[in-house]
Every structure is written in structure tokens, then in C-alpha cells.
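Notes follow the structure.
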Amino acid sequence: MQYIFEFLGLMAVFSIFIVVPGADFAVILRQSIVHGRRAAVMTGLGMGFSLLFHISYTILGLGLIVSQSLMLFSMIKWAGVLYLVYLGIKSFREPGFKVNEIEITDADRKPVSVWRCLATGFITNALNPKPVLFFLSLFSTLVHHDTPGLIQFSYGIGMATALVAWFAGVSTFFTVKPVRDRFIASGKWFNRITGAALVGFGIRLALARAAD
């Protein structure tokens with residue numbers, strides 16, 4: 001029963017964490033509108049793998065090293081900043097959708113590589129130092145130090161599953177034709193807004209302190 005209560009406590013806090021829009025949400029939203037549901041779901045899956053990556057080294061104690069080392073935190077932070085700004089500038093400079101592209105179905109579009117989508121999701125999440133500190137504080141507060149590592153990792157699997165399921169739902173919603181058509185109609189402005197949002201998240205990450 002102790003493990004069940006620990007898991008429910010973790011999931012209660014984590015559920016709030018994942019629904020708050022952030023850089024991951026912005027990337028999933030753009031993938032949904034531009035490349036379709038499949039690409040967005042695969043991107044979300046990549047984020048799920050990245051979350052397991054964060055939780056794994058947190059359990060192993062590496063999260064503590066990163067949280068106490070200004071150099072390591074800065075290296076991860078600035079790598080994340082550069083990647084987010086790169087994605088934002090790339091999105092901002094893309095032209096709007098053409099009229100003939102609106103009538104093309106998802107099956108007719110040139111598919112995006114599954115591996116590219118997985119990599120986009122993984123890198124976007126992995127280079128954000130916030131999960132390092134989030135999971136370090138979460139596990140140290142809500143998980144007893146005597147809880148076996150295997151049980152803790154099973155908590156991580158549950159959390160990663162919840163993350164992937166959430167973004168799959170987001171992807172489904174934003175690929176419903178009426179919703180998607182509304183975004184397509186916005187054309188260049190959608191690219192500019194999402195691009196500016198990604199750059200904004202990058203700037204916010206650049207201003208973050210290791211102690212936040």
C-alpha cells in the first residue's frame with residue numbers, strides 16, 4: 001500500500017506539471033498542425049523516452065550532482081536555449097500554407113521520418129534542465145529513501161505513459177479537421193506565433209537560475 005500511495009502522490013503532482021503549457025506543448029502543437037497526428041504522437045513518444053532518461057539519472061543520484069553544479073546546469077541550460085531558439089527562428093521564417101496545400105490530405109503529404117519526430121521530442125525535453133530539478137525535488141519529497149530502485153523506475157514508466165497519453169490527446173484534438181482548418185487559415189501568423197513562443201521559452205530558460 002505504501003508504494004500505491006507514493007505513486008498516486010507522484011501522479012497527482014505530475015498531472016499538474018504536464019498540463020501546464022510549455023516548450024513541449026508548443027512543439028507538439030506545431031507538429032500536429034504542420035505534419036499531422038502521426039508525427040505529433042511520435043514526437044510525444046520521444047518526449048516520453050526523454051522523461052524516462054531524466055527519471056533514470058535522478059534515481060541513480062546524478063540529478064543531485066547536476067542540481068549542485070553550476071557548470072553542469074549551465075551546460076544543459078544553454079544547450080536547451082540554443083535548440084529552442086533554433087526551432088523558434090526556423091518556425092518564424094517559414095512561409096504560410098498555400099491554398100492548394102489545404103486540400104491535400106494527410107495521406108498525400110510527404111511523411112516525416114519517425115526517427116526525426118522521436119529525436120525532436122527527445123531533444124526538446126532532454127535539453128531542458130527544469131525536469132532535472134523537478135524530478136529531484138519530487139522524488140526526494142514524495143518517495144521514501146527505502147523504496148527499491150526498480151519500484152521507483154516503475155513510477156517513472158507510469159509517468160512517462162501519462163505524458164505520452166496526454167500529448168496523444170492534444171495531437172488528436174488539434175488534428176480534427178475543423179480545428180486544424182482554423183489554424184491552417186492563419187497561415188504565416190501561426191508560424192510566427194509558435195516561433196515566437198519557442199524563442200520565448202528559450203529566453204525564459206536562459207534566465208532561469210540553478211536555484212529556481
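In the C-alpha cells, chains take the letters A, B, ... in the order shown, each chain's residues start at 1, and ligands count up from 1 in the order shown.
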Could you name the residues that touch region 53-63 of chain A at 7 Å or less, counting only C-alpha atoms, but leaving out those on the same chain fewer than 4 positions away, as a ChimeraX atom specification? /A:49,67,131-132,135-136,149,153,156
Only N, CA, C and O atoms, please: the residues just picked out, written as a compact mmCIF listing (two decimals), in the first residue's frame.
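Wrote it out as again.txt, contents follow:
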# COMPACT_ATOMS: atom_id res chain seq x y z
N PHE A 49 10.27 9.03 -23.82
CA PHE A 49 11.58 8.39 -23.63
C PHE A 49 12.54 9.33 -22.90
O PHE A 49 13.33 8.89 -22.05
N SER A 67 22.10 19.41 -9.98
CA SER A 67 21.45 20.49 -9.25
C SER A 67 22.44 21.29 -8.42
O SER A 67 22.19 22.46 -8.11
N PRO A 131 13.26 19.66 -15.83
CA PRO A 131 12.89 18.34 -15.33
C PRO A 131 13.90 17.75 -14.37
O PRO A 131 13.54 16.96 -13.48
N VAL A 132 15.19 18.12 -14.53
CA VAL A 132 16.22 17.62 -13.61
C VAL A 132 15.86 18.01 -12.19
O VAL A 132 15.80 17.17 -11.27
N PHE A 135 12.17 16.53 -10.99
CA PHE A 135 12.14 15.14 -10.53
C PHE A 135 13.00 14.92 -9.31
O PHE A 135 12.69 14.07 -8.46
N LEU A 136 14.08 15.66 -9.18
CA LEU A 136 14.92 15.55 -7.99
C LEU A 136 14.11 15.93 -6.75
O LEU A 136 14.10 15.22 -5.75
N GLY A 149 14.88 0.75 -6.10
CA GLY A 149 15.06 1.46 -7.36
C GLY A 149 14.15 0.95 -8.46
O GLY A 149 13.67 1.74 -9.28
N PHE A 153 11.57 3.16 -10.59
CA PHE A 153 11.59 3.22 -12.06
C PHE A 153 10.21 2.89 -12.63
O PHE A 153 9.81 3.45 -13.66
N GLY A 156 8.33 5.88 -12.78
CA GLY A 156 8.72 6.65 -13.97
C GLY A 156 8.02 6.17 -15.22
O GLY A 156 7.62 6.98 -16.06
What's the 7 Å shell around region 157-174 of chain A, counting only C-alpha atoms, without same-chain residues fewer than 5 positions away, as a PyMOL selection string? chain A and resi 11+18+28-29+32-33+37+40-41+44-45+48+51-52+179-180
With only C-alpha atoms as the counted atoms, please give the residues lying no more than 8 Å from Arg192 (chain A), apart from itself and same-chain residues fewer than 5 positions off, as a ChimeraX atom specification. /A:91-93
Next, the residues of the selection above should be written as a PDB file, in the first residue's frame with all heavy atoms.
ATOM      1  N   SER A  91      10.786  28.177 -37.341  1.00  0.00           N
ATOM      2  CA  SER A  91       9.335  28.272 -37.493  1.00  0.00           C
ATOM      3  C   SER A  91       8.917  29.667 -37.934  1.00  0.00           C
ATOM      4  O   SER A  91       8.066  29.835 -38.811  1.00  0.00           O
ATOM      5  CB  SER A  91       8.646  27.913 -36.173  1.00  0.00           C
ATOM      6  OG  SER A  91       7.267  28.142 -36.241  1.00  0.00           O
ATOM      7  N   PHE A  92       9.529  30.702 -37.349  1.00  0.00           N
ATOM      8  CA  PHE A  92       9.161  32.087 -37.643  1.00  0.00           C
ATOM      9  C   PHE A  92       9.417  32.437 -39.100  1.00  0.00           C
ATOM     10  O   PHE A  92       8.673  33.212 -39.707  1.00  0.00           O
ATOM     11  CB  PHE A  92       9.966  33.022 -36.733  1.00  0.00           C
ATOM     12  CG  PHE A  92       9.448  34.436 -36.713  1.00  0.00           C
ATOM     13  CD1 PHE A  92       8.489  34.824 -35.799  1.00  0.00           C
ATOM     14  CD2 PHE A  92       9.926  35.379 -37.618  1.00  0.00           C
ATOM     15  CE1 PHE A  92       8.013  36.127 -35.773  1.00  0.00           C
ATOM     16  CE2 PHE A  92       9.460  36.683 -37.601  1.00  0.00           C
ATOM     17  CZ  PHE A  92       8.499  37.057 -36.681  1.00  0.00           C
ATOM     18  N   ARG A  93      10.452  31.867 -39.690  1.00  0.00           N
ATOM     19  CA  ARG A  93      10.841  32.217 -41.055  1.00  0.00           C
ATOM     20  C   ARG A  93      10.086  31.422 -42.118  1.00  0.00           C
ATOM     21  O   ARG A  93      10.166  31.743 -43.296  1.00  0.00           O
ATOM     22  CB  ARG A  93      12.342  31.997 -41.231  1.00  0.00           C
ATOM     23  CG  ARG A  93      13.200  32.908 -40.362  1.00  0.00           C
ATOM     24  CD  ARG A  93      14.674  32.638 -40.540  1.00  0.00           C
ATOM     25  NE  ARG A  93      15.100  32.872 -41.916  1.00  0.00           N
ATOM     26  CZ  ARG A  93      16.320  32.635 -42.370  1.00  0.00           C
ATOM     27  NH1 ARG A  93      17.238  32.133 -41.544  1.00  0.00           N
ATOM     28  NH2 ARG A  93      16.638  32.884 -43.624  1.00  0.00           N
TER      29      ARG A  93
END
